[in-house]
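Undergrad: As input, take protein-v9.cif (mmCIF, C-alpha atoms):
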data_start
loop_
_atom_site.label_atom_id
_atom_site.label_comp_id
_atom_site.auth_asym_id
_atom_site.auth_seq_id
_atom_site.Cartn_x
_atom_site.Cartn_y
_atom_site.Cartn_z
CA MET A 1 -21.25 -2.89 -7.15
CA ARG A 2 -20.87 -6.27 -5.47
CA ARG A 3 -18.92 -7.69 -8.40
CA SER A 4 -16.49 -4.78 -8.44
CA LEU A 5 -15.96 -5.07 -4.68
CA ALA A 6 -15.37 -8.82 -4.96
CA SER A 7 -12.95 -8.25 -7.84
CA LEU A 8 -11.05 -5.64 -5.83
CA LEU A 9 -10.75 -7.93 -2.81
CA LEU A 10 -9.61 -10.82 -5.01
CA LEU A 11 -7.00 -8.63 -6.67
CA LEU A 12 -5.64 -7.45 -3.31
CA SER A 13 -5.46 -10.97 -1.91
CA CYS A 14 -3.51 -12.22 -4.94
CA ALA A 15 -0.56 -10.02 -3.97
CA THR A 16 -0.04 -12.08 -0.83
CA ALA A 17 0.05 -15.45 -2.58
CA LEU A 18 3.47 -17.06 -2.39
CA ALA A 19 4.97 -19.05 -5.22
CA ASP A 20 7.32 -21.99 -4.69
CA GLY A 21 10.56 -20.05 -4.93
CA GLY A 22 10.02 -16.55 -6.24
CA ALA A 23 11.89 -14.69 -8.98
CA LEU A 24 14.84 -16.47 -10.59
CA ARG A 25 17.98 -14.41 -9.86
CA LEU A 26 20.73 -16.86 -10.76
CA HIS A 27 21.09 -20.08 -12.73
CA ALA A 28 24.75 -21.00 -13.03
CA GLN A 29 27.22 -23.83 -12.96
CA ALA A 30 29.41 -23.83 -9.85
CA GLY A 31 31.94 -26.65 -9.91
CA VAL A 32 30.01 -29.91 -10.18
CA PHE A 33 26.77 -28.18 -9.15
CA ILE A 34 24.11 -26.28 -11.03
CA ILE A 35 22.66 -23.61 -8.76
CA SER A 36 19.30 -21.86 -9.17
CA LEU A 37 18.65 -18.94 -6.80
CA PHE A 38 15.12 -17.60 -6.28
CA THR A 39 14.11 -14.58 -4.17
CA THR A 40 10.86 -13.23 -2.79
CA PRO A 41 9.37 -10.66 -2.72
CA ASP A 42 9.80 -9.38 -6.24
CA PRO A 43 11.16 -6.75 -6.38
CA LEU A 44 13.32 -7.13 -3.29
CA ARG A 45 12.69 -4.45 -0.67
CA VAL A 46 14.13 -3.56 2.71
CA GLY A 47 12.65 -5.93 5.29
CA GLN A 48 11.73 -9.61 5.16
CA ALA A 49 13.20 -11.60 2.28
CA ASP A 50 13.40 -15.24 1.29
CA PHE A 51 16.38 -16.63 -0.63
CA SER A 52 15.72 -20.15 -1.94
CA VAL A 53 18.14 -22.43 -3.79
CA ALA A 54 17.73 -25.56 -5.90
CA VAL A 55 20.98 -27.53 -6.23
CA GLU A 56 21.57 -30.07 -8.98
CA LYS A 57 24.68 -32.19 -9.33
CA GLN A 58 26.03 -32.79 -12.83
CA ASN A 59 25.59 -36.29 -14.21
CA VAL A 60 23.03 -37.09 -11.49
CA ASP A 61 19.28 -37.16 -12.09
CA GLY A 62 17.28 -34.97 -9.73
CA LEU A 63 18.27 -32.48 -7.07
CA ASP A 64 21.14 -32.85 -4.61
CA GLU A 65 19.34 -33.04 -1.27
CA ASP A 66 22.46 -33.61 0.85
CA ALA A 67 24.29 -30.42 -0.10
CA HIS A 68 24.89 -27.71 2.48
CA VAL A 69 24.03 -24.24 1.15
CA SER A 70 25.06 -20.89 2.57
CA PHE A 71 24.73 -17.29 1.39
CA VAL A 72 27.10 -14.38 1.80
CA LEU A 73 25.38 -11.06 1.14
CA THR A 74 27.66 -8.03 0.92
CA PRO A 75 26.44 -4.48 0.26
CA VAL A 76 28.33 -3.03 -2.70
CA SER A 77 28.30 0.41 -1.04
CA GLY A 78 30.01 -0.98 2.09
CA GLN A 79 27.30 0.46 4.39
CA SER A 80 27.27 -2.59 6.65
CA LYS A 81 29.00 -5.88 7.34
CA PRO A 82 28.32 -8.91 5.15
CA LEU A 83 25.44 -11.17 6.11
CA VAL A 84 26.29 -14.88 6.29
CA LEU A 85 23.23 -17.13 6.19
CA SER A 86 22.77 -20.87 6.20
CA ALA A 87 19.94 -22.37 4.16
CA SER A 88 17.68 -25.12 5.45
CA ARG A 89 14.88 -27.28 4.11
CA SER A 90 12.57 -26.32 6.98
CA ALA A 91 12.59 -22.65 5.88
CA ALA A 92 11.73 -23.49 2.27
CA THR A 93 8.28 -23.36 0.72
CA SER A 94 8.99 -26.47 -1.36
CA ARG A 95 10.63 -29.75 -0.46
CA PHE A 96 12.90 -29.37 -3.49
CA LEU A 97 14.49 -26.16 -2.21
CA GLN A 98 16.66 -24.95 0.64
CA ALA A 99 15.97 -21.44 1.93
CA ALA A 100 17.02 -18.72 4.31
CA ASN A 101 14.48 -16.20 5.61
CA PHE A 102 15.93 -12.99 7.00
CA SER A 103 15.60 -9.21 7.03
CA LEU A 104 17.46 -6.99 4.57
CA PRO A 105 18.72 -3.99 6.59
CA HIS A 106 18.99 -1.32 3.87
CA SER A 107 18.44 -0.59 0.21
CA GLY A 108 21.04 -0.57 -2.53
CA LEU A 109 22.98 -3.02 -4.64
CA TRP A 110 23.97 -6.26 -2.88
CA HIS A 111 26.50 -8.88 -3.99
CA VAL A 112 25.11 -12.37 -3.30
CA LYS A 113 27.45 -15.36 -3.20
CA VAL A 114 25.95 -18.85 -2.97
CA VAL A 115 28.29 -21.52 -1.57
CA VAL A 116 27.35 -25.19 -1.97
CA GLN A 117 29.22 -28.05 -0.31
CA ASP A 118 28.56 -31.76 -0.54
CA GLY A 119 31.38 -33.86 0.89
CA ASN A 120 34.56 -32.86 -0.93
CA ASP A 121 32.69 -31.07 -3.72
CA VAL A 122 32.42 -27.29 -3.32
CA GLY A 123 30.85 -24.79 -5.70
CA GLU A 124 30.38 -21.02 -5.63
CA ALA A 125 28.25 -18.76 -7.79
CA SER A 126 27.45 -15.10 -7.38
CA THR A 127 25.17 -12.37 -8.65
CA GLU A 128 24.06 -8.89 -7.70
CA VAL A 129 20.56 -7.92 -6.64
CA ASP A 130 19.02 -4.48 -6.25
CA VAL A 131 17.13 -3.92 -3.00
CA LEU A 132 14.58 -1.12 -3.08
CA PRO A 133 13.52 1.00 -0.09
CA SER A 134 10.56 -0.26 1.91
CA SER A 135 7.13 0.90 0.78
CA LEU A 136 4.13 1.27 3.06
CA VAL A 137 1.73 0.95 0.12
CA LEU A 138 3.19 -2.41 -0.95
CA ASN A 139 3.55 -3.67 2.59
CA ASN A 140 1.19 -6.60 3.20
CA PHE A 141 0.30 -5.29 6.66
CA ALA A 142 -0.76 -1.92 5.25
CA TRP A 143 -3.30 -3.63 2.97
CA GLN A 144 -4.63 -5.72 5.84
CA ILE A 145 -5.07 -2.62 7.98
CA ALA A 146 -6.70 -0.66 5.15
CA VAL A 147 -9.35 -3.31 4.46
CA VAL A 148 -11.43 -2.52 7.58
CA PRO A 149 -11.80 1.26 7.00
CA LEU A 150 -12.42 0.64 3.29
CA ALA A 151 -15.18 -1.86 4.08
CA ALA A 152 -16.74 0.57 6.59
CA LEU A 153 -16.62 3.39 4.03
CA LEU A 154 -18.25 1.26 1.34
CA PHE A 155 -20.96 0.15 3.78
CA GLY A 156 -21.64 3.79 4.74
CA ILE A 157 -21.92 4.84 1.08
CA HIS A 158 -24.28 1.93 0.44
CA GLN A 159 -26.55 2.89 3.35
CA TRP A 160 -26.57 6.56 2.33
CA ARG A 161 -27.52 5.69 -1.27
CA LYS A 162 -30.18 3.27 -0.04
CA ARG A 163 -31.85 5.97 2.11
CA ALA A 164 -31.68 8.50 -0.72
CA PHE A 165 -33.36 5.99 -3.04
CA ARG A 166 -36.13 5.30 -0.54
CA ARG A 167 -36.76 9.03 0.00
CA THR A 168 -37.13 9.84 -3.69
CA VAL A 169 -38.57 6.76 -5.36
CA LEU A 170 -40.51 4.96 -2.68
CA ARG A 171 -42.17 8.03 -1.10
CA PRO A 172 -45.96 7.99 -1.41
CA LYS A 173 -47.41 10.49 -3.91
CA SER A 174 -49.30 12.27 -1.16
CA LEU A 175 -45.98 13.21 0.50
CA ARG A 176 -44.29 14.34 -2.72
CA PRO A 177 -44.28 18.05 -3.43
CA PRO A 178 -46.59 19.09 -6.26
CA ILE A 179 -45.01 19.71 -9.64
CA ARG A 180 -45.66 23.26 -10.81
CA ILE A 181 -45.74 24.01 -14.48
CA ARG A 182 -45.29 27.63 -15.50
#
Here is a file; write its structure as structure tokens.
TA:
Amino acid sequence: MRRSLASLLLLLSCATALADGGALRLHAQAGVFIISLFTTPDPLRVGQADFSVAVEKQNVDGLDEDAHVSFVLTPVSGQSKPLVLSASRSAATSRFLQAANFSLPHSGLWHVKVVVQDGNDVGEASTEVDVLPSSLVLNNFAWQIAVVPLAALLFGIHQWRKRAFRRTVLRPKSLRPPIRIR
């Protein structure tokens, strides 16, 4: 019982672990740059999202750390205005990335354009991402709230089973009802 409970808690906590960048959505050449776009969570849902970018310059070893990165997110359905976001190193989960953390307002197909500028060099690459509706079951806060009642329920079941065991197995023979054979 304890092992299964520990396994369940470990499995639930793994869902909240964050990787360096998330799911790879785009890896393309844009002018003199090579752009890699990562997103979290995977799959994307309405609510908090993280768009991270790694920028490499052709014929240069390593990442381009001086480039300015911005995102233009446009809903394909035209439900709302485009979102223009600027990426920063402080928002990233890794020192090799630049990221923008924001809230996706609604579900549907979104056109994502990544614009990179470093001095006179400018590069653009784009892709489309599908944003799913929000889900209470997959919401991290829902799992955190559900842990307390689940733990209380498991404790109650344990105590009930413990009392039942003591009543049947540990009861002295003098208090047990006689067995009648017919």
Undergrad: Can you spell out as a list in words the set of residues that the PyMOL selection byres ((chain A and resi 118) around 10) selects in the structure I just provided?
TA: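 Matching residues under the PyMOL selection byres ((chain A and resi 118) around 10) are Val32, Phe33, Lys57, Asp64, Glu65, Asp66, Ala67, His68, Val69, Val116, Gln117, Gly119, Asn120, Asp121, Val122 and Gly123 of chain A.
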Undergrad: Can you work out the spacing between CA of Phe102 in chain A and CA of Gln48 in chain A in Å, to one decimal?
TA: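 Separation between CA of Phe102 in chain A and CA of Gln48 in chain A: 5.7 Å.
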Undergrad: Nearest residue to Leu37 in chain A out of A:Gln79, A:Arg89, A:Thr127, A:Ser94, using all atoms listed in the file?
TA: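 Residue with the minimum atom-to-atom distance to Leu37 in chain A: A:Thr127.
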Undergrad: So what do you get for CA of Asn59 in chain A versus CA of Ile35 in chain A, distance-wise?
TA: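 Those two atoms sit 14.1 Å apart.
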Undergrad: Nearest to Ser135 in chain A: which of A:Val46, A:Val76, A:Ala164, A:Ala151 is it, counting only C-alpha atoms?
TA: A:Val46
Undergrad: Given the point (26.8, 2.6, 1.3) in the file's coordinates, find the residues that have an atom at most 12 Å from it, counting all atoms listed in the file, and give them as a list in words.
TA: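 Selection result: Thr74, Pro75, Val76, Ser77, Gly78, Gln79, Ser80, Lys81, Pro105, His106, Ser107, Gly108, Leu109 and Trp110 of chain A.
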Undergrad: Working from the structure I just supplied, which lacks atoms in range 85-103 of chain A, can you model N, CA and C atoms there and output them as a PDB file, in the coordinates of the input?
TA:
ATOM      1  N   LEU A  85      24.448 -16.395   5.869  1.00  0.00           N
ATOM      2  CA  LEU A  85      23.230 -17.130   6.190  1.00  0.00           C
ATOM      3  C   LEU A  85      23.368 -18.577   5.752  1.00  0.00           C
ATOM      4  N   SER A  86      22.786 -19.461   6.530  1.00  0.00           N
ATOM      5  CA  SER A  86      22.770 -20.870   6.200  1.00  0.00           C
ATOM      6  C   SER A  86      21.356 -21.260   5.777  1.00  0.00           C
ATOM      7  N   ALA A  87      21.250 -21.962   4.658  1.00  0.00           N
ATOM      8  CA  ALA A  87      19.940 -22.370   4.160  1.00  0.00           C
ATOM      9  C   ALA A  87      19.517 -23.697   4.789  1.00  0.00           C
ATOM     10  N   SER A  88      18.205 -23.872   4.897  1.00  0.00           N
ATOM     11  CA  SER A  88      17.680 -25.120   5.450  1.00  0.00           C
ATOM     12  C   SER A  88      16.426 -25.520   4.686  1.00  0.00           C
ATOM     13  N   ARG A  89      16.099 -26.786   4.763  1.00  0.00           N
ATOM     14  CA  ARG A  89      14.880 -27.280   4.110  1.00  0.00           C
ATOM     15  C   ARG A  89      13.629 -26.840   4.881  1.00  0.00           C
ATOM     16  N   SER A  90      13.744 -26.688   6.177  1.00  0.00           N
ATOM     17  CA  SER A  90      12.570 -26.320   6.980  1.00  0.00           C
ATOM     18  C   SER A  90      12.094 -24.899   6.674  1.00  0.00           C
ATOM     19  N   ALA A  91      12.979 -24.027   6.207  1.00  0.00           N
ATOM     20  CA  ALA A  91      12.590 -22.650   5.880  1.00  0.00           C
ATOM     21  C   ALA A  91      12.037 -22.515   4.474  1.00  0.00           C
ATOM     22  N   ALA A  92      12.141 -23.564   3.676  1.00  0.00           N
ATOM     23  CA  ALA A  92      11.730 -23.490   2.270  1.00  0.00           C
ATOM     24  C   ALA A  92      10.240 -23.722   2.109  1.00  0.00           C
ATOM     25  N   THR A  93       9.694 -23.177   1.026  1.00  0.00           N
ATOM     26  CA  THR A  93       8.280 -23.360   0.720  1.00  0.00           C
ATOM     27  C   THR A  93       8.031 -24.611  -0.114  1.00  0.00           C
ATOM     28  N   SER A  94       9.095 -25.256  -0.568  1.00  0.00           N
ATOM     29  CA  SER A  94       8.990 -26.470  -1.360  1.00  0.00           C
ATOM     30  C   SER A  94      10.014 -27.472  -0.866  1.00  0.00           C
ATOM     31  N   ARG A  95       9.697 -28.735  -0.946  1.00  0.00           N
ATOM     32  CA  ARG A  95      10.630 -29.750  -0.460  1.00  0.00           C
ATOM     33  C   ARG A  95      11.840 -29.893  -1.374  1.00  0.00           C
ATOM     34  N   PHE A  96      11.790 -29.294  -2.552  1.00  0.00           N
ATOM     35  CA  PHE A  96      12.900 -29.370  -3.490  1.00  0.00           C
ATOM     36  C   PHE A  96      13.923 -28.253  -3.272  1.00  0.00           C
ATOM     37  N   LEU A  97      13.631 -27.321  -2.406  1.00  0.00           N
ATOM     38  CA  LEU A  97      14.490 -26.160  -2.210  1.00  0.00           C
ATOM     39  C   LEU A  97      15.077 -26.123  -0.807  1.00  0.00           C
ATOM     40  N   GLN A  98      16.131 -25.324  -0.664  1.00  0.00           N
ATOM     41  CA  GLN A  98      16.660 -24.950   0.640  1.00  0.00           C
ATOM     42  C   GLN A  98      16.556 -23.431   0.696  1.00  0.00           C
ATOM     43  N   ALA A  99      16.225 -22.879   1.858  1.00  0.00           N
ATOM     44  CA  ALA A  99      15.970 -21.440   1.930  1.00  0.00           C
ATOM     45  C   ALA A  99      16.499 -20.836   3.209  1.00  0.00           C
ATOM     46  N   ALA A 100      16.685 -19.529   3.141  1.00  0.00           N
ATOM     47  CA  ALA A 100      17.020 -18.720   4.310  1.00  0.00           C
ATOM     48  C   ALA A 100      16.071 -17.533   4.320  1.00  0.00           C
ATOM     49  N   ASN A 101      15.375 -17.339   5.425  1.00  0.00           N
ATOM     50  CA  ASN A 101      14.480 -16.200   5.610  1.00  0.00           C
ATOM     51  C   ASN A 101      15.155 -15.235   6.565  1.00  0.00           C
ATOM     52  N   PHE A 102      15.225 -13.970   6.189  1.00  0.00           N
ATOM     53  CA  PHE A 102      15.930 -12.990   7.000  1.00  0.00           C
ATOM     54  C   PHE A 102      15.422 -11.604   6.652  1.00  0.00           C
ATOM     55  N   SER A 103      16.002 -10.591   7.266  1.00  0.00           N
ATOM     56  CA  SER A 103      15.600  -9.210   7.030  1.00  0.00           C
ATOM     57  C   SER A 103      16.744  -8.443   6.384  1.00  0.00           C
TER      58      SER A 103
END
